[in-house]
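**Q** To be precise about what I am sending: the file is called my_file-v8.cif and holds mmCIF, C-alpha atoms.
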data_query
loop_
_atom_site.label_atom_id
_atom_site.label_comp_id
_atom_site.auth_asym_id
_atom_site.auth_seq_id
_atom_site.Cartn_x
_atom_site.Cartn_y
_atom_site.Cartn_z
CA MET T 6 7.49 2.06 -22.02
CA LYS T 7 9.77 2.21 -25.03
CA THR T 8 12.10 4.59 -23.18
CA PHE T 9 12.26 2.18 -20.24
CA LEU T 10 13.07 -0.78 -22.48
CA ASN T 11 15.78 1.22 -24.23
CA ALA T 12 17.29 2.15 -20.86
CA VAL T 13 17.33 -1.51 -19.77
CA LYS T 14 18.90 -2.53 -23.08
CA LYS T 15 21.60 0.12 -22.71
CA TYR T 16 22.25 -0.92 -19.10
CA PHE T 17 23.09 -4.49 -20.08
CA ALA T 18 24.84 -3.43 -23.29
CA ASP T 19 27.26 -1.30 -21.25
CA PHE T 20 27.94 -4.30 -19.02
CA GLY T 21 28.66 -6.49 -22.05
CA ARG T 22 31.01 -3.85 -23.46
CA ALA T 23 32.87 -3.67 -20.13
CA VAL T 24 33.31 -7.45 -20.09
CA ALA T 25 34.41 -7.63 -23.74
CA LYS T 26 36.78 -4.64 -23.83
CA GLY T 27 37.99 -4.54 -20.23
CA ASP T 28 41.61 -5.19 -19.32
CA ILE T 29 42.91 -7.82 -16.91
CA TRP T 30 41.72 -5.86 -13.87
CA CYS T 31 38.21 -5.64 -15.31
CA LYS T 32 38.25 -9.37 -16.01
CA LEU T 33 39.36 -10.08 -12.44
CA SER T 34 36.47 -7.93 -11.20
CA LEU T 35 34.14 -10.62 -12.53
CA ILE T 36 35.46 -12.84 -9.73
CA ILE T 37 36.65 -10.37 -7.08
CA LEU T 38 34.62 -7.17 -7.02
CA GLY T 39 37.45 -5.07 -5.63
CA ALA T 40 40.12 -6.20 -8.12
CA GLY T 41 39.49 -3.35 -10.56
CA TYR T 42 39.92 -0.79 -7.80
CA PHE T 43 43.14 -2.42 -6.61
CA GLY T 44 44.49 -2.07 -10.16
CA ARG T 45 43.70 1.68 -10.15
CA LYS T 46 45.24 2.11 -6.67
CA GLN T 47 41.86 2.70 -4.98
CA ILE T 48 42.78 0.30 -2.19
CA ILE T 49 40.14 1.24 0.40
CA LYS T 50 37.32 1.10 -2.14
CA GLY T 51 38.60 -2.27 -3.35
CA ILE T 52 38.66 -3.62 0.20
CA LEU T 53 35.10 -2.40 0.83
CA MET T 54 33.74 -3.97 -2.37
CA THR T 55 35.52 -7.25 -1.67
CA ALA T 56 34.24 -7.26 1.91
CA LEU T 57 30.71 -6.62 0.62
CA GLU T 58 31.07 -9.58 -1.74
CA VAL T 59 32.27 -11.83 1.08
CA ILE T 60 29.37 -10.73 3.31
CA PHE T 61 26.91 -11.49 0.51
CA PHE T 62 28.19 -15.02 -0.02
CA LEU T 63 28.32 -15.70 3.71
CA PHE T 64 24.76 -14.40 4.20
CA THR T 65 23.43 -16.33 1.21
CA GLY T 66 25.40 -19.53 1.70
CA LEU T 67 25.02 -19.85 5.45
CA PHE T 68 21.58 -18.30 6.04
CA SER T 69 19.18 -17.32 3.28
CA ILE T 70 19.76 -20.32 0.99
CA ASN T 71 18.31 -22.57 3.71
CA TYR T 72 15.01 -20.71 3.37
CA ILE T 73 15.10 -20.10 -0.38
CA LYS T 74 15.39 -23.84 -1.12
CA ASP T 75 12.19 -24.49 0.87
CA LEU T 76 10.12 -21.76 -0.79
CA ASN T 77 8.51 -24.24 -3.17
CA THR T 78 6.89 -26.16 -0.29
CA LEU T 79 7.09 -23.64 2.61
CA GLY T 80 8.25 -26.48 4.84
CA THR T 81 7.50 -30.18 5.25
CA VAL T 82 8.45 -30.98 8.86
CA GLN T 83 5.55 -30.45 11.27
CA TYR T 84 6.07 -29.17 14.82
CA GLU T 85 6.07 -31.97 17.38
CA ALA T 86 6.66 -31.85 21.12
CA VAL T 87 7.27 -35.14 22.97
CA PHE T 88 7.40 -35.33 26.75
CA ASP T 89 10.64 -36.87 28.00
CA PRO T 90 10.08 -38.58 31.38
CA LEU T 91 13.82 -38.61 32.08
CA THR T 92 14.28 -34.84 31.86
CA MET T 93 10.64 -34.03 32.68
CA LYS T 94 10.64 -31.62 29.74
CA ASN T 95 9.13 -31.49 26.27
CA THR T 96 11.51 -32.37 23.47
CA VAL T 97 10.80 -30.39 20.32
CA ASN T 98 11.87 -31.69 16.91
CA ASP T 99 13.71 -29.68 14.26
CA TYR T 100 10.54 -28.37 12.65
CA ASP T 101 9.94 -26.00 9.72
CA ASN T 102 8.35 -22.57 10.18
CA SER T 103 6.42 -21.60 7.04
CA LEU T 104 6.23 -17.93 8.06
CA LEU T 105 10.00 -17.59 8.44
CA ILE T 106 10.65 -19.58 5.28
CA LEU T 107 8.47 -17.20 3.28
CA LEU T 108 9.81 -14.02 4.91
CA TYR T 109 13.51 -14.88 4.88
CA GLY T 110 13.18 -16.47 1.46
CA ILE T 111 11.83 -13.22 0.05
CA VAL T 112 14.58 -11.24 1.80
CA GLY T 113 17.19 -13.65 0.44
CA ILE T 114 15.92 -13.31 -3.13
CA LEU T 115 15.87 -9.51 -2.86
CA VAL T 116 19.46 -9.56 -1.55
CA ILE T 117 20.50 -11.72 -4.52
CA LEU T 118 18.81 -9.32 -6.96
CA ALA T 119 20.48 -6.34 -5.27
CA PHE T 120 23.87 -8.07 -5.52
CA ILE T 121 23.34 -8.76 -9.23
CA LEU T 122 22.64 -5.06 -9.82
CA LEU T 123 25.68 -4.15 -7.72
CA TYR T 124 27.77 -6.67 -9.68
CA ILE T 125 26.78 -5.13 -13.02
CA SER T 126 27.20 -1.55 -11.79
CA ASN T 127 30.59 -2.39 -10.29
CA MET T 128 31.81 -3.85 -13.58
CA LYS T 129 30.73 -0.75 -15.47
CA ALA T 130 32.39 1.53 -12.87
CA VAL T 131 35.68 -0.40 -13.11
CA TYR T 132 35.59 -0.14 -16.91
CA ARG T 133 35.04 3.63 -16.62
CA LEU T 134 38.16 3.83 -14.44
CA GLN T 135 40.07 1.97 -17.16
CA LEU T 136 38.94 4.48 -19.81
CA MET T 137 39.84 7.40 -17.53
CA LYS T 138 43.34 6.02 -17.02
CA GLU T 139 43.83 5.44 -20.75
CA GLU T 140 42.78 9.03 -21.47
CA GLY T 141 45.00 10.41 -18.73
CA GLU T 142 42.15 11.74 -16.61
CA HIS T 143 42.38 12.15 -12.85
CA ILE T 144 41.08 9.19 -10.83
CA ASN T 145 39.62 10.18 -7.47
CA THR T 146 41.08 8.88 -4.26
CA PHE T 147 38.83 7.38 -1.60
CA GLY T 148 38.90 10.67 0.31
CA GLU T 149 37.80 12.61 -2.77
CA ASP T 150 34.96 10.14 -3.35
CA VAL T 151 33.80 10.64 0.25
CA LYS T 152 33.93 14.43 -0.14
CA SER T 153 31.86 14.21 -3.33
CA LEU T 154 29.11 12.49 -1.32
CA PHE T 155 28.74 15.75 0.62
CA ASN T 156 29.03 18.02 -2.41
CA GLY T 157 28.15 17.07 -5.99
CA LYS T 158 26.64 13.70 -5.03
CA PHE T 159 25.00 14.83 -1.79
CA TYR T 160 21.63 13.63 -3.11
CA ILE T 161 22.93 10.05 -2.86
CA THR T 162 23.80 10.59 0.79
CA LEU T 163 20.36 12.06 1.53
CA LEU T 164 18.43 9.33 -0.29
CA THR T 165 20.34 6.30 0.99
CA LEU T 166 18.64 5.91 4.39
CA PRO T 167 15.11 6.77 3.12
CA SER T 168 15.55 4.26 0.28
CA ILE T 169 16.58 1.53 2.71
CA GLY T 170 13.60 2.44 4.88
CA VAL T 171 11.20 2.20 1.93
CA ILE T 172 12.57 -1.23 1.02
CA MET T 173 12.28 -2.53 4.58
CA MET T 174 8.98 -0.89 5.56
CA ASN T 175 7.10 -0.92 2.25
CA ILE T 176 8.50 -3.15 -0.49
CA ILE T 177 9.25 -6.26 1.58
CA PRO T 178 5.88 -6.19 3.44
CA ILE T 179 4.00 -5.64 0.16
CA ILE T 180 5.75 -8.59 -1.50
CA PHE T 181 5.19 -10.74 1.59
CA MET T 182 1.49 -9.82 1.76
CA SER T 183 1.06 -10.52 -1.94
CA CYS T 184 2.62 -13.97 -1.54
CA VAL T 185 0.37 -14.81 1.43
CA ALA T 186 -2.64 -14.36 -0.88
CA PHE T 187 -1.52 -17.51 -2.72
CA THR T 188 -1.22 -19.66 0.44
CA ASN T 189 -3.63 -21.22 2.95
CA TYR T 190 -2.30 -19.14 5.85
CA ASP T 191 -5.19 -18.86 8.31
CA MET T 192 -6.22 -19.82 11.84
CA ASP T 193 -5.97 -23.54 11.02
CA HIS T 194 -2.44 -23.17 9.60
CA MET T 195 -0.72 -20.96 12.16
CA PRO T 196 3.07 -21.24 12.49
CA PRO T 197 5.01 -22.51 14.28
CA ASN T 198 2.63 -25.28 15.37
CA TYR T 199 1.27 -25.83 11.87
CA LEU T 200 2.55 -25.38 8.33
CA PHE T 201 0.89 -23.50 5.50
CA THR T 202 1.56 -24.03 1.82
CA TRP T 203 0.86 -22.68 -1.67
CA VAL T 204 -2.69 -23.04 -3.02
CA GLY T 205 -2.40 -21.06 -6.26
CA LEU T 206 -5.45 -18.97 -7.17
CA ARG T 207 -7.87 -20.78 -4.85
CA ASN T 208 -8.31 -17.77 -2.55
CA PHE T 209 -9.11 -15.48 -5.47
CA LYS T 210 -11.60 -18.07 -6.75
CA ASN T 211 -13.28 -18.15 -3.33
CA MET T 212 -13.42 -14.36 -3.31
CA PHE T 213 -15.11 -14.07 -6.71
CA THR T 214 -17.22 -17.25 -6.85
CA GLY T 215 -19.84 -18.16 -4.28
CA GLY T 216 -21.05 -21.33 -2.63
CA THR T 217 -23.19 -22.67 0.20
CA THR T 218 -20.36 -22.67 2.75
CA ILE T 219 -17.99 -20.09 1.26
CA THR T 220 -19.80 -16.74 1.11
CA PHE T 221 -16.88 -14.37 0.48
CA SER T 222 -18.15 -13.48 -2.99
CA TYR T 223 -21.55 -12.49 -1.56
CA ALA T 224 -19.93 -10.17 0.96
CA PHE T 225 -17.25 -8.92 -1.41
CA VAL T 226 -19.64 -7.59 -4.08
CA ARG T 227 -21.72 -5.70 -1.53
CA ILE T 228 -18.77 -4.36 0.44
CA LEU T 229 -17.02 -3.26 -2.76
CA ALA T 230 -20.18 -1.42 -3.89
CA TRP T 231 -20.52 0.29 -0.49
CA THR T 232 -16.79 1.15 -0.51
CA MET T 233 -17.08 2.92 -3.87
CA ILE T 234 -20.27 4.73 -2.82
CA TRP T 235 -18.53 5.83 0.37
CA ALA T 236 -15.38 6.92 -1.49
CA VAL T 237 -17.36 9.21 -3.80
CA THR T 238 -19.93 10.60 -1.36
CA ALA T 239 -17.49 11.08 1.52
CA ARG T 240 -15.08 13.35 -0.34
CA LEU T 241 -16.11 16.00 2.19
CA ARG T 242 -13.88 14.24 4.67
CA PRO T 243 -12.57 15.72 7.90
CA VAL T 244 -9.17 17.34 7.65
CA GLY T 245 -7.19 18.01 10.79
CA SER T 246 -5.29 16.22 13.49
CA ARG T 247 -5.90 12.51 13.90
CA TRP T 248 -6.55 13.05 17.61
CA SER T 249 -9.36 15.57 17.07
CA GLN T 250 -10.95 13.33 14.45
CA PHE T 251 -10.67 10.35 16.77
CA VAL T 252 -12.32 12.16 19.69
CA THR T 253 -15.08 13.63 17.50
CA LEU T 254 -16.02 10.27 15.98
CA LEU T 255 -16.05 8.54 19.37
CA LEU T 256 -18.37 11.20 20.79
CA VAL T 257 -20.68 11.05 17.79
CA SER T 258 -20.82 7.24 17.93
CA LYS T 259 -21.99 7.44 21.56
CA MET T 260 -24.50 10.19 20.76
CA PHE T 261 -26.17 8.14 18.00
CA ALA T 262 -25.97 4.77 19.81
CA ASP T 263 -29.15 2.76 20.34
CA HIS T 264 -29.55 4.21 23.84
CA GLY T 265 -27.60 7.42 23.30
CA ILE T 266 -28.52 11.05 23.73
CA VAL T 267 -30.06 11.47 20.26
CA ASN T 268 -32.29 8.41 20.68
CA THR T 269 -33.40 9.62 24.11
CA TRP T 270 -34.28 13.00 22.65
CA CYS T 271 -36.16 11.41 19.70
CA SER T 272 -38.11 9.22 22.11
CA ASN T 273 -39.05 12.18 24.31
CA ILE T 274 -40.45 14.21 21.43
CA GLY T 275 -42.34 11.21 20.02
CA LEU T 276 -40.32 10.78 16.84
CA THR T 277 -39.37 7.19 17.67
CA GLY T 278 -43.00 6.24 18.27
CA PHE T 279 -44.08 7.90 15.02
CA LEU T 280 -41.45 6.03 13.00
CA LYS T 281 -42.51 2.80 14.70
CA ASP T 282 -46.16 3.40 13.83
CA ILE T 283 -45.39 3.85 10.13
CA GLY T 284 -43.13 0.77 10.07
CA LEU T 285 -39.70 2.37 9.69
CA VAL T 286 -38.56 1.30 13.17
CA SER T 287 -39.26 -2.05 14.82
CA GLY T 288 -37.83 -1.47 18.31
CA ASN T 289 -37.93 1.22 20.96
CA PHE T 290 -35.04 3.15 19.43
CA ILE T 291 -33.90 4.41 16.05
CA PRO T 292 -31.04 2.18 14.78
CA PHE T 293 -28.88 5.05 13.53
CA LEU T 294 -25.66 3.01 13.54
CA SER T 295 -26.82 -0.54 14.23
CA LYS T 296 -28.97 -1.41 11.21
CA PRO T 297 -27.94 -1.47 7.53
CA GLY T 298 -29.49 1.35 5.52
CA TRP T 299 -29.81 3.61 8.52
CA SER T 300 -26.14 3.23 9.35
CA HIS T 301 -25.02 3.79 5.73
CA VAL T 302 -26.88 7.09 5.52
CA MET T 303 -25.82 8.24 8.98
CA ILE T 304 -22.13 7.49 8.36
CA ILE T 305 -22.15 9.61 5.20
CA LEU T 306 -24.06 12.46 6.90
CA ILE T 307 -21.74 12.46 9.92
CA ASN T 308 -18.67 12.51 7.69
CA ILE T 309 -20.06 15.38 5.63
CA TRP T 310 -20.99 17.31 8.78
CA VAL T 311 -17.44 17.00 10.09
CA GLY T 312 -15.76 17.88 6.78
CA VAL T 313 -17.95 20.57 5.21
CA PRO T 314 -16.15 23.60 6.74
CA TYR T 315 -12.78 22.70 5.24
CA GLN T 316 -14.21 21.85 1.83
CA MET T 317 -16.21 25.10 1.73
CA LEU T 318 -13.09 27.13 2.47
CA SER T 319 -11.14 25.24 -0.18
CA ALA T 320 -13.85 25.63 -2.84
CA THR T 321 -14.32 29.33 -2.05
CA GLY T 322 -10.59 29.96 -2.40
CA ILE T 323 -10.49 28.25 -5.80
CA LEU T 324 -13.53 30.12 -7.11
CA MET T 325 -12.09 33.47 -6.01
CA ASN T 326 -8.95 32.79 -8.08
CA ILE T 327 -10.71 32.21 -11.39
CA PRO T 328 -9.40 34.94 -13.76
CA THR T 329 -12.14 37.57 -14.03
CA ASP T 330 -10.99 38.55 -17.54
CA GLN T 331 -11.94 35.09 -18.83
CA LEU T 332 -15.40 35.36 -17.30
CA GLU T 333 -15.87 38.88 -18.68
CA SER T 334 -14.71 37.83 -22.15
CA ALA T 335 -17.18 34.94 -22.12
CA ARG T 336 -20.05 37.28 -21.19
CA ILE T 337 -19.08 39.72 -23.97
CA ASP T 338 -19.06 36.82 -26.45
CA GLY T 339 -22.64 36.02 -25.45
CA ALA T 340 -22.12 33.01 -23.16
CA ASN T 341 -24.86 32.45 -20.62
CA LYS T 342 -24.34 31.37 -16.98
CA TRP T 343 -24.55 27.65 -17.71
CA GLN T 344 -22.05 27.87 -20.56
CA ILE T 345 -19.63 29.84 -18.37
CA PHE T 346 -20.03 27.27 -15.62
CA TRP T 347 -19.43 24.19 -17.80
CA LYS T 348 -16.78 25.68 -20.09
CA ILE T 349 -14.75 27.85 -17.69
CA THR T 350 -15.60 27.41 -14.01
CA MET T 351 -15.88 23.61 -13.82
CA PRO T 352 -12.76 22.83 -15.93
CA TYR T 353 -10.75 25.33 -13.88
CA VAL T 354 -11.95 23.89 -10.55
CA LEU T 355 -11.27 20.31 -11.68
CA PHE T 356 -7.79 21.24 -12.90
CA ILE T 357 -6.90 22.92 -9.61
CA CYS T 358 -8.46 20.47 -7.17
CA GLY T 359 -8.43 17.36 -9.39
CA PRO T 360 -5.37 15.80 -7.72
CA SER T 361 -6.88 16.57 -4.30
CA LEU T 362 -10.18 14.93 -5.28
CA ILE T 363 -8.37 11.82 -6.51
CA GLN T 364 -6.36 11.62 -3.34
CA SER T 365 -9.54 12.11 -1.33
CA VAL T 366 -11.35 9.26 -3.09
CA ILE T 367 -8.40 6.91 -2.62
CA ALA T 368 -8.04 7.97 1.01
CA ASN T 369 -11.73 7.24 1.60
CA ILE T 370 -11.37 3.75 0.12
CA ASN T 371 -8.85 3.17 2.91
CA ASN T 372 -10.56 5.40 5.49
CA PHE T 373 -10.43 3.07 8.46
CA ASN T 374 -11.12 5.57 11.24
CA VAL T 375 -14.64 6.75 10.41
CA ILE T 376 -16.19 3.35 9.71
CA TYR T 377 -14.46 1.48 12.53
CA LEU T 378 -15.08 4.07 15.25
CA LEU T 379 -18.75 4.49 14.33
CA THR T 380 -19.69 0.83 13.76
CA SER T 381 -17.15 -1.36 15.60
CA SER T 382 -19.65 -2.21 18.36
CA THR T 383 -22.40 -3.38 15.99
CA ALA T 384 -22.96 -6.89 14.62
CA THR T 385 -24.64 -8.31 11.52
CA ALA T 386 -27.76 -10.47 11.40
CA ASN T 387 -26.98 -11.65 7.86
CA MET T 388 -25.44 -15.13 8.03
CA ALA T 389 -23.74 -14.74 4.65
CA PHE T 390 -21.88 -11.71 5.99
CA ALA T 391 -21.22 -13.44 9.32
CA ASN T 392 -19.70 -16.49 7.60
CA SER T 393 -17.31 -14.12 5.83
CA ASN T 394 -16.46 -12.27 9.07
CA ALA T 395 -17.92 -9.08 7.61
CA LYS T 396 -20.66 -6.52 8.27
CA GLU T 397 -22.86 -4.51 5.93
CA THR T 398 -21.13 -1.26 6.89
CA ASP T 399 -17.59 -2.57 6.39
CA LEU T 400 -15.24 -1.07 3.85
CA LEU T 401 -12.62 -3.28 2.25
CA ILE T 402 -10.05 -1.93 4.70
CA THR T 403 -12.17 -2.60 7.83
CA TRP T 404 -13.08 -6.05 6.52
CA LEU T 405 -9.37 -6.73 6.03
CA PHE T 406 -8.70 -5.60 9.61
CA THR T 407 -11.40 -7.89 11.00
CA LEU T 408 -10.11 -10.86 9.05
CA THR T 409 -6.56 -10.39 10.33
CA ASN T 410 -7.04 -9.04 13.85
CA ASP T 411 -10.09 -11.00 14.99
CA ASN T 412 -10.07 -14.14 12.82
CA SER T 413 -6.43 -14.65 11.70
CA ASN T 414 -7.59 -15.24 8.11
CA TYR T 415 -4.47 -13.78 6.55
CA LYS T 416 -4.92 -15.43 3.14
CA MET T 417 -8.26 -13.74 2.37
CA ALA T 418 -7.11 -10.47 3.93
CA SER T 419 -4.15 -10.48 1.55
CA VAL T 420 -6.49 -11.00 -1.40
CA ILE T 421 -8.52 -7.97 -0.28
CA GLY T 422 -5.29 -5.96 0.07
CA ILE T 423 -4.26 -6.79 -3.50
CA ILE T 424 -7.72 -5.91 -4.83
CA SER T 425 -7.69 -2.58 -2.96
CA PHE T 426 -4.28 -1.76 -4.39
CA VAL T 427 -5.41 -2.54 -7.95
CA ILE T 428 -8.54 -0.39 -7.56
CA CYS T 429 -6.57 2.56 -6.17
CA ALA T 430 -3.90 2.25 -8.86
CA LEU T 431 -6.45 2.15 -11.70
CA LEU T 432 -8.39 5.09 -10.31
CA THR T 433 -5.20 7.11 -9.98
CA LEU T 434 -3.97 6.36 -13.50
CA LEU T 435 -7.32 6.98 -15.18
CA SER T 436 -8.16 10.13 -13.22
CA TYR T 437 -4.77 11.80 -13.56
CA THR T 438 -4.61 11.18 -17.30
CA ARG T 439 -8.12 12.62 -17.73
CA MET T 440 -7.83 15.64 -15.42
CA ILE T 441 -4.32 17.02 -15.58
CA SER T 442 -2.76 15.48 -18.67
CA GLY T 443 -1.64 17.48 -21.68
CA ASP T 444 -0.84 21.18 -21.82
CA LYS T 445 -3.61 22.42 -19.53
CA GLU T 446 -1.34 24.38 -17.21
CA GLU T 447 -0.73 27.11 -19.78
CA VAL T 448 -4.47 27.31 -20.48
CA TYR T 449 -5.32 28.22 -16.87
CA GLN T 450 -2.41 30.55 -16.20
#
I'd like the structure from this file rewritten - as structure tokens, please.

**A**
Amino acid sequence: MKTFLNAVKKYFADFGRAVAKGDIWCKLSLIILGAGYFGRKQIIKGILMTALEVIFFLFTGLFSINYIKDLNTLGTVQYEAVFDPLTMKNTVNDYDNSLLILLYGIVGILVILAFILLYISNMKAVYRLQLMKEEGEHINTFGEDVKSLFNGKFYITLLTLPSIGVIMMNIIPIIFMSCVAFTNYDMDHMPPNYLFTWVGLRNFKNMFTGGTTITFSYAFVRILAWTMIWAVTARLRPVGSRWSQFVTLLLVSKMFADHGIVNTWCSNIGLTGFLKDIGLVSGNFIPFLSKPGWSHVMIILINIWVGVPYQMLSATGILMNIPTDQLESARIDGANKWQIFWKITMPYVLFICGPSLIQSVIANINNFNVIYLLTSSTATANMAFANSNAKETDLLITWLFTLTNDNSNYKMASVIGIISFVICALLTLLSYTRMISGDKEEVYQ
């Protein structure tokens, strides 16, 4: 953290030095970004920077500012359509769209922040050109700068498009989703016909505190507990192509359905009747995937059954690579089997597969496929769960999907998304620092 703060301090200190000690061309660069390059005879680069500045001000002044100024309210003009008997058409007013205001407002703010960083970096670059000229060093032409992007600075060329993709596909959606958690965006406030607005921490309060009509806290505690149990017990997860996993889970869900092959077989051999006589089953079938308790156990067993072969191969490979000289030395020193296991074998296995186990736990927290494909056709009889649009077998990720896809409750789904992110981040930080921190690599070499 201290290193980061020092880097930020140096970044702005260099900008201040460039402003204070820069010549006339540097000073002009505070107004026209390309001025400093014009003064060093880098005409094309100066034109490009000036054009970029003009594009920024046109984009901000003519487009994004109209949305940024409405971010505090997310719109005030409601959609209205009035039938005009003269034209026999509906006349629509100039209404506000809360969704577009939030989205374009976020994009506009990010563009402004990016321009500020570009502005500072440009000033520092122009000042470096001034120092190079004063010291008699060679200043690259535009052609030489382009060539460097395919030689010494080729990493910039390679990372430019992926970085833009990450910003557009990851950063902007994450910021947008996080903002939705602080609004009342749901089925009753769907743009463009209706507006939604900021509600502060009300959605988080509803998620963590219960009531007679709002039962999200009841469902959340139980779904979170089941999610963590699932994440730990289902580390033996299937590894392979998504298609093979998809087909396998669909087949298994049909096999263990209320009137599937397994239930027919159990009924024929009398197992269903026996379980009914002792009170474990109330109907004429075993509710493998349709009743809480049964479905929880079956989901874990099915997942283990699918994933055991891979995990056994992985574990066997790790155990075979434990240095035999360490084990032999421990035996000579008088260590018994349990001491060797806890002091040598287990630490070695955790060091090697620790990152994989962490990734597996986090992946299982967000393991949509298994839960959805096995339990999507079932319903809950618990009204507290039903009021929250949830089921006993839901994970946080499947609950989020149901809220958005089936019920358009985007505000509560966004809250769940934020909570899932925090849980995964904390687990990652704590686990990595405990398992692979320090100088353990040399110990196990």

**Q** Smallest atom-to-atom distance to Ser103 in chain T: which of T:Val59, T:Ile180, T:Lys26, T:Tyr199, using only C-alpha atoms?

**A**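 Ranking T:Val59, T:Ile180, T:Lys26, T:Tyr199 by distance to Ser103 in chain T, first place goes to T:Tyr199.
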
**Q** Would you translate the PyMOL selection byres ((chain T and resi 200-216) around 9) into the concrete set of residues it matches in this file, as a PyMOL selection string?

**A** chain T and resi 77-84+101-104+184-191+193-199+217-226+416-417+420-421

**Q** If the PyMOL selection byres ((chain T and resi 401-408) around 8) were run on this exact file, what residues would it hold? Put them as a list in words.

**A**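 That expression, the PyMOL selection byres ((chain T and resi 401-408) around 8), corresponds here to Ile228, Leu229, Thr232, Ile370, Asn371, Asn372, Phe373, Ile376, Tyr377, Asn394, Ala395, Lys396, Asp399, Leu400, Thr409, Asn410, Asp411, Asn412, Ser413, Asn414, Tyr415, Met417, Ala418, Ser419, Ile421, Gly422 and Ser425 of chain T.
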
**Q** In Å, how far is it from CA of Leu53 in chain T to CA of Asn145 in chain T?

**A**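 Between these atoms lies a distance of 15.7 Å.
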
**Q** Find the distance between CA of Cys31 in chain T and CA of Gly51 in chain T and write it in Å to one decimal.

**A** 12.4 Å

**Q** Given the file above and the PyMOL selection byres ((chain T and resi 112) around 10), which residues are selected, and can you give them as a list in words?

**A**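 With the shown file as input, the PyMOL selection byres ((chain T and resi 112) around 10) matches Ser69, Tyr72, Ile73, Ile106, Leu107, Leu108, Tyr109, Gly110, Ile111, Gly113, Ile114, Leu115, Val116, Ile117, Leu118, Met173, Ile177, Ile180 and Phe181 of chain T.
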
**Q** Between CA of Ala230 in chain T and CA of Asp263 in chain T, what distance in Å does the model show, to one decimal?

**A**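 About the pair CA of Ala230 in chain T and CA of Asp263 in chain T: they are 26.2 Å apart.
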
**Q** Which residue out of T:Asn127, T:Val366, T:Met93, T:Val257 has the minimum interatomic distance to Leu33 in chain T when all atoms listed in the file are used?

**A** T:Asn127
